[in-house]
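Participant: Below is structure.cif; it holds mmCIF, C-alpha atoms and all ligand atoms.
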```cif
data_structure
loop_
_atom_site.label_atom_id
_atom_site.label_comp_id
_atom_site.auth_asym_id
_atom_site.auth_seq_id
_atom_site.Cartn_x
_atom_site.Cartn_y
_atom_site.Cartn_z
CA MET A 442 -71.49 8.12 -129.93
CA GLN A 443 -69.93 7.19 -126.59
CA ASN A 444 -66.90 4.87 -126.54
CA ASP A 445 -68.81 1.72 -125.58
CA LEU A 446 -72.20 0.14 -126.16
CA LEU A 447 -73.12 -1.49 -122.85
CA THR A 448 -76.78 -0.45 -122.64
CA VAL A 449 -79.35 1.38 -124.78
CA GLU A 450 -78.94 4.36 -122.40
CA GLU A 451 -75.71 5.18 -124.22
CA ILE A 452 -77.55 5.87 -127.49
CA THR A 453 -79.23 9.17 -128.40
CA LEU A 454 -82.19 9.42 -130.74
CA GLY A 455 -79.92 11.03 -133.34
CA GLU A 456 -77.49 8.09 -133.09
CA LEU A 457 -80.35 5.62 -133.37
CA LYS A 458 -81.36 7.26 -136.66
CA GLU A 459 -77.75 7.13 -137.87
CA ILE A 460 -77.56 3.41 -136.98
CA PHE A 461 -80.77 2.85 -139.00
CA ARG A 462 -79.43 4.84 -141.98
CA LEU A 463 -76.13 2.96 -142.04
CA ALA A 464 -77.74 -0.45 -141.41
CA ALA A 465 -80.22 0.08 -144.27
CA LYS A 466 -77.35 1.08 -146.59
CA MET A 467 -75.29 -1.96 -145.54
CA LYS A 468 -78.27 -4.23 -146.08
CA ARG A 469 -78.91 -2.80 -149.58
CA GLU A 470 -75.28 -2.89 -150.65
CA ARG A 471 -74.19 -6.04 -148.83
CA SER A 472 -72.32 -7.89 -151.54
CA LYS A 473 -71.51 -4.81 -153.66
CA SER A 474 -69.89 -2.40 -151.22
CA LYS A 475 -66.12 -1.99 -151.39
CA ASP A 476 -66.02 0.05 -148.15
CA ARG A 477 -63.74 -1.54 -145.55
CA PRO A 478 -64.03 0.73 -142.49
CA LEU A 479 -62.44 -1.91 -140.21
CA ALA A 480 -59.43 -2.62 -142.46
CA GLY A 481 -56.38 -3.45 -140.32
CA LYS A 482 -58.51 -3.69 -137.14
CA SER A 483 -58.91 -6.73 -134.92
CA VAL A 484 -62.01 -7.26 -132.81
CA GLY A 485 -61.99 -9.76 -129.91
CA MET A 486 -65.15 -11.65 -129.01
CA ILE A 487 -65.16 -13.03 -125.44
CA PHE A 488 -68.14 -15.35 -124.97
CA SER A 489 -69.01 -17.19 -121.73
CA LYS A 490 -72.43 -18.33 -122.94
CA SER A 491 -73.71 -20.15 -126.04
CA SER A 492 -74.63 -18.16 -129.12
CA THR A 493 -75.70 -18.77 -132.71
CA ARG A 494 -76.92 -15.39 -134.02
CA THR A 495 -74.68 -13.02 -132.09
CA ARG A 496 -71.48 -14.94 -132.63
CA VAL A 497 -71.99 -15.62 -136.32
CA SER A 498 -73.40 -12.20 -137.22
CA PHE A 499 -70.52 -10.43 -135.46
CA GLU A 500 -67.85 -12.68 -137.01
CA VAL A 501 -69.32 -12.29 -140.50
CA GLY A 502 -69.97 -8.57 -139.99
CA ILE A 503 -66.44 -7.79 -138.80
CA THR A 504 -65.04 -9.76 -141.76
CA GLU A 505 -67.30 -7.97 -144.27
CA LEU A 506 -66.13 -4.61 -142.88
CA GLY A 507 -62.52 -5.65 -143.58
CA GLY A 508 -61.62 -6.38 -139.93
CA PHE A 509 -60.34 -9.53 -138.23
CA PRO A 510 -62.58 -11.26 -135.66
CA LEU A 511 -60.95 -13.32 -132.89
CA PHE A 512 -63.38 -15.62 -131.08
CA LEU A 513 -62.18 -16.13 -127.50
CA ASP A 514 -63.94 -18.66 -125.29
CA GLN A 515 -63.64 -17.35 -121.74
CA ASN A 516 -62.22 -20.74 -120.66
CA ASP A 517 -59.39 -20.56 -123.19
CA LEU A 518 -58.27 -17.25 -121.73
CA GLN A 519 -56.41 -16.92 -118.43
CA LEU A 520 -59.58 -15.13 -117.31
CA GLY A 521 -61.08 -18.60 -116.89
CA ARG A 522 -58.21 -19.46 -114.48
CA GLY A 523 -58.59 -16.39 -112.34
CA GLU A 524 -56.71 -13.57 -114.10
CA SER A 525 -58.54 -10.41 -113.13
CA ILE A 526 -60.96 -8.54 -115.39
CA PRO A 527 -58.96 -5.26 -115.09
CA ASP A 528 -55.69 -6.97 -116.11
CA THR A 529 -57.37 -8.81 -118.99
CA ALA A 530 -58.92 -5.54 -120.20
CA ARG A 531 -55.59 -3.69 -120.00
CA VAL A 532 -53.73 -6.43 -121.90
CA LEU A 533 -56.33 -6.93 -124.63
CA SER A 534 -56.46 -3.16 -125.17
CA ARG A 535 -52.81 -3.35 -126.29
CA TYR A 536 -53.66 -5.79 -129.11
CA LEU A 537 -57.26 -5.27 -130.16
CA HIS A 538 -59.26 -2.34 -131.55
CA ALA A 539 -62.56 -3.34 -129.92
CA VAL A 540 -64.04 -6.18 -127.90
CA VAL A 541 -67.48 -7.81 -127.97
CA ILE A 542 -68.44 -9.56 -124.71
CA ARG A 543 -71.23 -12.03 -123.81
CA THR A 544 -71.27 -12.86 -120.13
CA PHE A 545 -73.37 -13.39 -117.00
CA LYS A 546 -73.04 -10.46 -114.60
CA HIS A 547 -73.56 -7.03 -116.13
CA GLU A 548 -71.11 -5.57 -113.55
CA ASP A 549 -68.35 -7.66 -115.16
CA ILE A 550 -68.70 -5.94 -118.53
CA VAL A 551 -68.92 -2.55 -116.80
CA GLU A 552 -65.67 -3.35 -114.96
CA PHE A 553 -64.02 -4.54 -118.20
CA ALA A 554 -65.01 -1.31 -119.96
CA LYS A 555 -63.65 0.76 -117.09
CA TYR A 556 -60.15 -0.69 -117.56
CA ALA A 557 -60.16 -1.07 -121.35
CA ASN A 558 -59.25 1.82 -123.58
CA ILE A 559 -60.90 0.32 -126.66
CA PRO A 560 -64.68 0.19 -127.40
CA VAL A 561 -66.54 -2.55 -125.55
CA ILE A 562 -69.81 -3.90 -127.00
CA ASN A 563 -72.34 -5.82 -124.90
CA ALA A 564 -73.34 -9.01 -126.73
CA LEU A 565 -75.71 -9.96 -123.84
CA THR A 566 -75.46 -9.98 -120.08
CA ASP A 567 -78.01 -11.17 -117.53
CA MET A 568 -79.33 -7.62 -117.47
CA TYR A 569 -79.22 -6.24 -121.01
CA HIS A 570 -79.09 -7.21 -124.70
CA PRO A 571 -78.71 -3.87 -126.52
CA CYS A 572 -77.55 -5.20 -129.93
CA GLN A 573 -80.68 -7.36 -130.09
CA ILE A 574 -83.07 -4.57 -129.19
CA LEU A 575 -81.51 -1.92 -131.44
CA THR A 576 -81.91 -4.48 -134.23
CA ASP A 577 -85.53 -5.07 -133.27
CA LEU A 578 -86.29 -1.36 -133.47
CA PHE A 579 -84.67 -1.26 -136.91
CA THR A 580 -86.85 -4.21 -137.97
CA ILE A 581 -89.99 -2.49 -136.71
CA TYR A 582 -88.91 0.67 -138.55
CA GLU A 583 -88.54 -1.32 -141.78
CA TYR A 584 -92.11 -2.59 -141.44
CA SER A 585 -93.90 0.43 -139.96
CA GLU A 586 -91.69 3.27 -141.30
CA HIS A 587 -91.84 5.01 -137.93
CA LEU A 588 -91.48 4.12 -134.25
CA GLU A 589 -93.30 6.82 -132.34
CA GLY A 590 -96.66 5.65 -130.98
CA ILE A 591 -96.18 2.04 -132.10
CA LYS A 592 -97.58 -0.38 -129.52
CA ILE A 593 -95.52 -3.44 -128.55
CA ALA A 594 -96.79 -6.09 -126.14
CA PHE A 595 -93.95 -8.06 -124.54
CA MET A 596 -95.13 -11.40 -123.12
CA GLY A 597 -93.47 -13.69 -120.58
CA ASP A 598 -90.37 -13.06 -118.46
CA CYS A 599 -90.53 -9.28 -118.17
CA ALA A 600 -87.42 -9.06 -116.00
CA CYS A 601 -85.06 -10.64 -118.55
CA ASN A 602 -82.28 -8.96 -120.51
CA THR A 603 -84.28 -8.41 -123.71
CA ALA A 604 -87.24 -6.97 -121.77
CA ASN A 605 -84.93 -4.60 -119.87
CA SER A 606 -83.31 -3.32 -123.04
CA LEU A 607 -86.70 -3.03 -124.75
CA ILE A 608 -87.98 -0.84 -121.88
CA LEU A 609 -85.11 1.61 -122.40
CA ALA A 610 -85.42 1.51 -126.19
CA ALA A 611 -89.21 2.07 -126.16
CA LYS A 612 -88.73 5.11 -123.91
CA LEU A 613 -85.99 6.46 -126.15
CA ALA A 614 -88.01 6.03 -129.35
CA GLY A 615 -91.38 7.27 -128.02
CA MET A 616 -93.08 3.90 -128.33
CA ASN A 617 -95.90 2.42 -126.25
CA LEU A 618 -94.68 -0.77 -124.56
CA VAL A 619 -96.87 -2.97 -122.37
CA LEU A 620 -95.11 -5.86 -120.63
CA SER A 621 -97.23 -8.75 -119.44
CA SER A 622 -96.30 -11.39 -116.87
CA PRO A 623 -97.29 -12.78 -113.49
CA LYS A 624 -96.18 -10.60 -110.54
CA LYS A 625 -93.11 -12.72 -109.90
CA TYR A 626 -91.66 -11.92 -113.34
CA ARG A 627 -92.81 -8.31 -113.60
CA PRO A 628 -90.40 -5.65 -114.90
CA ASP A 629 -87.93 -3.89 -112.66
CA GLN A 630 -89.69 -0.87 -111.10
CA ASP A 631 -86.62 1.39 -111.38
CA LEU A 632 -86.51 0.75 -115.12
CA LEU A 633 -90.24 1.46 -115.46
CA ASP A 634 -89.77 4.72 -113.54
CA TYR A 635 -86.64 5.78 -115.41
CA ASP A 636 -87.71 8.88 -117.28
CA SER A 637 -84.60 10.68 -118.47
CA ILE A 638 -84.15 8.76 -121.72
CA GLY A 639 -87.19 9.72 -123.83
CA ASN A 640 -90.95 10.11 -123.83
CA GLY A 641 -92.20 6.61 -124.63
CA THR A 642 -94.77 5.05 -122.31
CA VAL A 643 -94.01 1.75 -120.61
CA SER A 644 -96.35 -0.16 -118.30
CA TRP A 645 -96.94 -3.59 -116.80
CA GLU A 646 -100.21 -5.52 -117.23
CA GLU A 647 -100.89 -8.84 -115.53
CA ASP A 648 -103.70 -9.85 -117.90
CA PRO A 649 -102.16 -11.11 -121.18
CA TYR A 650 -105.33 -10.45 -123.21
CA ALA A 651 -105.57 -6.84 -122.02
CA ALA A 652 -101.85 -6.39 -122.80
CA VAL A 653 -102.15 -7.35 -126.47
CA GLU A 654 -105.24 -5.24 -127.18
CA ASN A 655 -104.48 -3.05 -130.25
CA ALA A 656 -100.85 -4.18 -130.22
CA ASP A 657 -98.95 -3.61 -133.49
CA TYR A 658 -96.23 -6.05 -132.43
CA ILE A 659 -96.18 -8.93 -129.95
CA TYR A 660 -92.70 -9.82 -128.71
CA THR A 661 -91.64 -12.79 -126.64
CA ASP A 662 -88.44 -14.44 -125.40
CA VAL A 663 -87.65 -17.77 -123.75
CA TRP A 664 -89.04 -18.31 -120.27
CA VAL A 665 -85.72 -19.67 -118.98
CA SER A 666 -82.82 -17.44 -119.93
CA MET A 667 -79.26 -18.74 -119.89
CA GLY A 668 -78.07 -18.98 -116.30
CA PHE A 669 -81.59 -19.48 -114.85
CA GLU A 670 -81.91 -23.20 -115.64
CA GLU A 671 -82.44 -24.14 -111.96
CA GLU A 672 -85.72 -22.21 -111.97
CA ALA A 673 -86.99 -23.92 -115.14
CA LYS A 674 -89.84 -25.93 -113.63
CA GLN A 675 -91.34 -23.03 -111.70
CA ARG A 676 -91.00 -20.63 -114.63
CA MET A 677 -92.73 -23.07 -117.03
CA GLN A 678 -95.72 -23.33 -114.71
CA LYS A 679 -96.09 -19.65 -113.90
CA LEU A 680 -95.52 -18.31 -117.40
CA LYS A 681 -97.80 -20.70 -119.28
CA PRO A 682 -100.75 -18.22 -119.48
CA TYR A 683 -98.44 -15.80 -121.32
CA ALA A 684 -97.66 -18.13 -124.24
CA VAL A 685 -98.00 -16.49 -127.64
CA ASN A 686 -100.59 -18.68 -129.35
CA ALA A 687 -103.28 -18.10 -132.01
CA ASP A 688 -105.91 -17.27 -129.41
CA LEU A 689 -103.79 -14.48 -127.91
CA VAL A 690 -102.80 -13.15 -131.33
CA ASP A 691 -106.51 -12.91 -132.30
CA ASN A 692 -106.94 -10.35 -129.53
CA ALA A 693 -104.31 -7.96 -130.92
CA SER A 694 -104.57 -5.57 -133.89
CA LYS A 695 -105.51 -7.48 -137.07
CA ASP A 696 -102.18 -6.59 -138.70
CA VAL A 697 -100.12 -7.52 -135.64
CA ARG A 698 -96.60 -8.81 -136.27
CA ILE A 699 -94.87 -11.38 -134.12
CA MET A 700 -91.33 -10.97 -132.83
CA HIS A 701 -88.89 -13.23 -130.96
CA CYS A 702 -85.18 -12.65 -130.42
CA LEU A 703 -84.58 -16.43 -130.84
CA PRO A 704 -83.65 -19.11 -129.98
CA ALA A 705 -87.33 -20.07 -129.57
CA HIS A 706 -88.57 -22.92 -127.44
CA ARG A 707 -91.43 -23.85 -129.75
CA GLY A 708 -94.42 -25.14 -127.81
CA GLU A 709 -93.45 -23.16 -124.72
CA GLU A 710 -93.44 -19.35 -125.06
CA ILE A 711 -94.61 -19.51 -128.71
CA THR A 712 -96.55 -22.07 -130.75
CA ASP A 713 -95.39 -23.42 -134.13
CA GLU A 714 -98.55 -22.02 -135.67
CA VAL A 715 -97.72 -18.45 -134.64
CA MET A 716 -93.99 -18.69 -135.24
CA ASP A 717 -94.52 -20.00 -138.78
CA SER A 718 -97.42 -17.66 -139.63
CA HIS A 719 -97.28 -14.78 -142.14
CA ALA A 720 -97.36 -12.38 -139.20
CA SER A 721 -94.03 -13.66 -137.90
CA ILE A 722 -90.95 -11.50 -138.58
CA VAL A 723 -88.54 -13.44 -136.37
CA PHE A 724 -86.11 -14.33 -139.16
CA ASP A 725 -85.97 -10.71 -140.35
CA GLN A 726 -84.93 -9.82 -136.82
CA ALA A 727 -82.23 -12.49 -136.93
CA GLU A 728 -80.92 -11.30 -140.31
CA ASN A 729 -80.89 -7.67 -139.27
CA ARG A 730 -78.48 -8.41 -136.42
CA LEU A 731 -75.77 -8.52 -139.11
CA HIS A 732 -76.61 -5.16 -140.68
CA VAL A 733 -77.25 -3.27 -137.44
CA GLN A 734 -74.10 -4.56 -135.74
CA LYS A 735 -72.05 -3.59 -138.81
CA ALA A 736 -73.48 -0.08 -138.45
CA ILE A 737 -72.64 0.00 -134.73
CA LEU A 738 -69.07 -1.25 -135.32
CA THR A 739 -68.55 1.33 -138.05
CA MET A 740 -69.72 4.14 -135.78
CA LEU A 741 -67.73 3.01 -132.73
CA LEU A 742 -64.52 2.39 -134.67
CA LYS A 743 -64.57 5.55 -136.75
CA ASP A 744 -61.03 7.03 -136.76
N1 LIG A 801 -80.81 -13.60 -130.13
C1 LIG A 801 -79.56 -13.98 -129.81
O1 LIG A 801 -78.78 -13.23 -129.19
O2 LIG A 801 -79.26 -15.24 -130.21
P1 LIG A 801 -77.94 -16.07 -129.86
O3 LIG A 801 -78.04 -16.43 -128.40
O4 LIG A 801 -78.00 -17.27 -130.75
O5 LIG A 801 -76.76 -15.22 -130.11
N1 LIG A 802 -83.16 -13.94 -122.60
C1 LIG A 802 -82.41 -14.89 -123.39
C2 LIG A 802 -81.96 -14.26 -124.66
C3 LIG A 802 -81.20 -15.16 -125.58
C4 LIG A 802 -80.73 -14.47 -126.81
C5 LIG A 802 -81.22 -15.41 -122.59
O1 LIG A 802 -80.57 -14.60 -121.91
O2 LIG A 802 -80.96 -16.61 -122.62
#
```
Would you put the structure from the file into structure tokens?
Ligand code: CP
Ligand code: NVA
Facilitator:
Amino acid sequence: MQNDLLTVEEITLGELKEIFRLAAKMKRERSKSKDRPLAGKSVGMIFSKSSTRTRVSFEVGITELGGFPLFLDQNDLQLGRGESIPDTARVLSRYLHAVVIRTFKHEDIVEFAKYANIPVINALTDMYHPCQILTDLFTIYEYSEHLEGIKIAFMGDCACNTANSLILAAKLAGMNLVLSSPKKYRPDQDLLDYDSIGNGTVSWEEDPYAAVENADYIYTDVWVSMGFEEEAKQRMQKLKPYAVNADLVDNASKDVRIMHCLPAHRGEEITDEVMDSHASIVFDQAENRLHVQKAILTMLLKD
């Protein structure tokens, strides 16, 4: 595995399988395992955006692995008063064994990783959310027992961080991903064209009903990601036809499962009825963040 996890591009298919194997073991043995692969190691967590799942699952995960998590609000650090990213990265590398970062601009985490000599893990940027999507693939694998050929329909803002990471992950794992949105929120063409990561097929479909046809999984995310609040009104209007409701779900495969990275804005991108249905696996996704991130930390911090 490379030193950092900034995007799904850094993962090979072999490493994905190893993450799954370790995550499944950690899930099975959660309260019984005496393994402490992070004993004596401190992991910083620099967050400049809100978080429930990522923050808590990383803090709990690091603790369960025997490490020490340090939550660092960007505004409590000198970073918030203008200390440079390179200097912050150099200094924190002298104390910590790894750092988990949630921020706005993806270039900022790339710059941090360039100057840090400890592993850097992306806990969400405006462009990517790799820990979420690797977890989602693990969750699909738990349900379907394979990934190749599985069809996922992603509905809504197809240019957001989760969609971008899902595009890369679907290609890597040989899945069939159809993203559905109005033109304004269609996926990045360079990502769609990117073909050196795997042999999955990824396409964009404007018609939401055509997109979900025969889908094994329907995935959605909020219409207004953190940092895009000024565009809220326009996004709500344009994305409305892409809401995941019972009518849309009826047009997918009869065993379709529903996914959402959460937090959900119930009544906007997903209805209560769908979110609370038997088909919904959203809370399995949330739980699996813990197990998958423990696997990733173990692999990145192996001596
Ligand atoms: N899915 C996810 O990353 O949730 P949080 O924003 O609560 O961390
Ligand atoms: N796309 C969402 C994901 C939240 C976990 C956001 O960036 O706000």
Participant: Mind checking which residues fall within 6 Å of A:Gln515, counting only C-alpha atoms, ignoring those fewer than 4 positions away in the same chain, and posting them as a PyMOL selection string?
Facilitator: chain A and resi 487-489+521
Participant: Which residue is closest to A:Ser525? Choose from A:Glu451, A:Glu552, A:Asp598, A:Asp445 and count only C-alpha atoms.
Facilitator: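 Result for the nearest residue to A:Ser525: A:Glu552.
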Participant: Throw together the list of residues within 8 Å of ligand LIG 802 (chain A), counting all atoms listed in the file, and drop it here as a PDB file with C-alpha atoms, in the frame of the given file.
Facilitator:
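Heads up, here's the output in part37.pdb:
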```
ATOM      1  CA  SER A 492     -74.630 -18.160-129.120  1.00  0.00           C
ATOM      2  CA  LEU A 565     -75.710  -9.960-123.840  1.00  0.00           C
ATOM      3  CA  THR A 566     -75.460  -9.980-120.080  1.00  0.00           C
ATOM      4  CA  ASP A 567     -78.010 -11.170-117.530  1.00  0.00           C
ATOM      5  CA  HIS A 570     -79.090  -7.210-124.700  1.00  0.00           C
ATOM      6  CA  GLN A 573     -80.680  -7.360-130.090  1.00  0.00           C
ATOM      7  CA  CYS A 601     -85.060 -10.640-118.550  1.00  0.00           C
ATOM      8  CA  ASN A 602     -82.280  -8.960-120.510  1.00  0.00           C
ATOM      9  CA  THR A 603     -84.280  -8.410-123.710  1.00  0.00           C
ATOM     10  CA  ASP A 662     -88.440 -14.440-125.400  1.00  0.00           C
ATOM     11  CA  VAL A 663     -87.650 -17.770-123.750  1.00  0.00           C
ATOM     12  CA  TRP A 664     -89.040 -18.310-120.270  1.00  0.00           C
ATOM     13  CA  VAL A 665     -85.720 -19.670-118.980  1.00  0.00           C
ATOM     14  CA  SER A 666     -82.820 -17.440-119.930  1.00  0.00           C
ATOM     15  CA  MET A 667     -79.260 -18.740-119.890  1.00  0.00           C
ATOM     16  CA  GLY A 668     -78.070 -18.980-116.300  1.00  0.00           C
ATOM     17  CA  CYS A 702     -85.180 -12.650-130.420  1.00  0.00           C
ATOM     18  CA  LEU A 703     -84.580 -16.430-130.840  1.00  0.00           C
ATOM     19  CA  PRO A 704     -83.650 -19.110-129.980  1.00  0.00           C
TER      20      PRO A 704
END
```
Participant: Give as a PyMOL selection string the set of residues within 10 Å of the point (-79.6, -7.3, -128.7), where distances use the file's coordinates and all atoms listed in the file.
Facilitator: chain A and resi 448-449+495+563-566+569-577+602-603+606-607+702+730+733-734
Participant: I want to know what sits within 9 Å of stretch 638-655 of chain A, based on all atoms listed in the file, with residues of the same chain fewer than 6 positions away left out; could you give that as a PyMOL selection string?
Facilitator: chain A and resi 450+453-454+589-590+592-596+599+608-624+627-628+682-684+689-690+692-695+697
Participant: Report, in Å to a single decimal, how far apart atom CA of A:Val540 and atom CA of A:Leu742 are.
Facilitator: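 Atom CA of A:Val540 lies at a distance of 10.9 Å from atom CA of A:Leu742.
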Participant: Using only C-alpha atoms for the distances, tell me which of A:Glu524, A:Glu710, A:Asp476, A:Asp717 is nearest to A:Gly508.
Facilitator: A:Asp476
Participant: Within 10 Å of A:Ile722, counting only C-alpha atoms, which residues show up once you throw out same-chain ones fewer than 5 positions away? Write them as a PDB file with C-alpha atoms, in the frame of the given file, please.
Facilitator:
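The resulting file, around-v2.pdb, is reproduced below:
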```pdb
ATOM      1  CA  ASP A 577     -85.530  -5.070-133.270  1.00  0.00           C
ATOM      2  CA  THR A 580     -86.850  -4.210-137.970  1.00  0.00           C
ATOM      3  CA  ILE A 581     -89.990  -2.490-136.710  1.00  0.00           C
ATOM      4  CA  TYR A 584     -92.110  -2.590-141.440  1.00  0.00           C
ATOM      5  CA  TYR A 658     -96.230  -6.050-132.430  1.00  0.00           C
ATOM      6  CA  ARG A 698     -96.600  -8.810-136.270  1.00  0.00           C
ATOM      7  CA  ILE A 699     -94.870 -11.380-134.120  1.00  0.00           C
ATOM      8  CA  MET A 700     -91.330 -10.970-132.830  1.00  0.00           C
ATOM      9  CA  HIS A 701     -88.890 -13.230-130.960  1.00  0.00           C
ATOM     10  CA  MET A 716     -93.990 -18.690-135.240  1.00  0.00           C
ATOM     11  CA  ASP A 717     -94.520 -20.000-138.780  1.00  0.00           C
ATOM     12  CA  ALA A 727     -82.230 -12.490-136.930  1.00  0.00           C
TER      13      ALA A 727
END
```
Participant: For a quick check of your reading of the model, name the residues lying within 10 Å of the coordinate (-99.3, -25.5, -127.6), counting all atoms listed in the file, and write them as a PyMOL selection string.
Facilitator: chain A and resi 681+684-687+707-714
Participant: Using all atoms listed in the file, which of the listed residues (A:Gln675, A:Thr504, A:Thr544, A:Ser534) sits closest to ligand LIG 801 (chain A)?
Facilitator: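 Closest residue, counting all atoms listed in the file: A:Thr544.
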Participant: Grab the atom CA of A:Lys490 to atom CA of A:Glu670 distance for me, in Å with one decimal place.
Facilitator: 12.9 Å
Participant: Once 4 Å is added on each side, what are the centre and the three edge lengths, in Å to one decimal, of the axis-aligned box enclosing the listed atoms of stretch 681-694 of chain A? Present them as lines of an AutoDock Vina configuration file.
Facilitator:
```
center_x = -102.3
center_y = -13.1
center_z = -126.6
size_x = 17.3
size_y = 23.1
size_z = 22.6
```
Participant: So how many Å separate atom CA of A:Asp528 and atom CA of A:Phe509, to one decimal?
Facilitator: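 Answer for the atom CA of A:Asp528 to atom CA of A:Phe509 separation: 22.7 Å.
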Participant: Just checking: using all atoms listed in the file, which residue out of A:Phe724, A:Phe669, A:Tyr536, A:Tyr626 ends up closest to ligand LIG 801 (chain A)?
Facilitator: A:Phe724
Participant: Closest to A:Gln726 among A:Pro527, A:Ser498, A:Arg522, A:Glu672, using only C-alpha atoms?
Facilitator: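 With only C-alpha atoms as the atom set, the closest residue is A:Ser498.
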Participant: With all atoms listed in the file as the basis for distance, which of A:Ala705, A:Ser491, A:Glu505, A:Tyr635 is at the shortest distance from A:Tyr660?
Facilitator: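 Using all atoms listed in the file, the shortest distance to A:Tyr660 belongs to A:Ala705.
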Participant: Can you pull out every residue within 8 Å of A:His732, counting only C-alpha atoms, but drop anything in the same chain fewer than 3 positions away, and send it as a ChimeraX atom specification?
Facilitator: /A:464-465,467-468,502,728-729,735-736
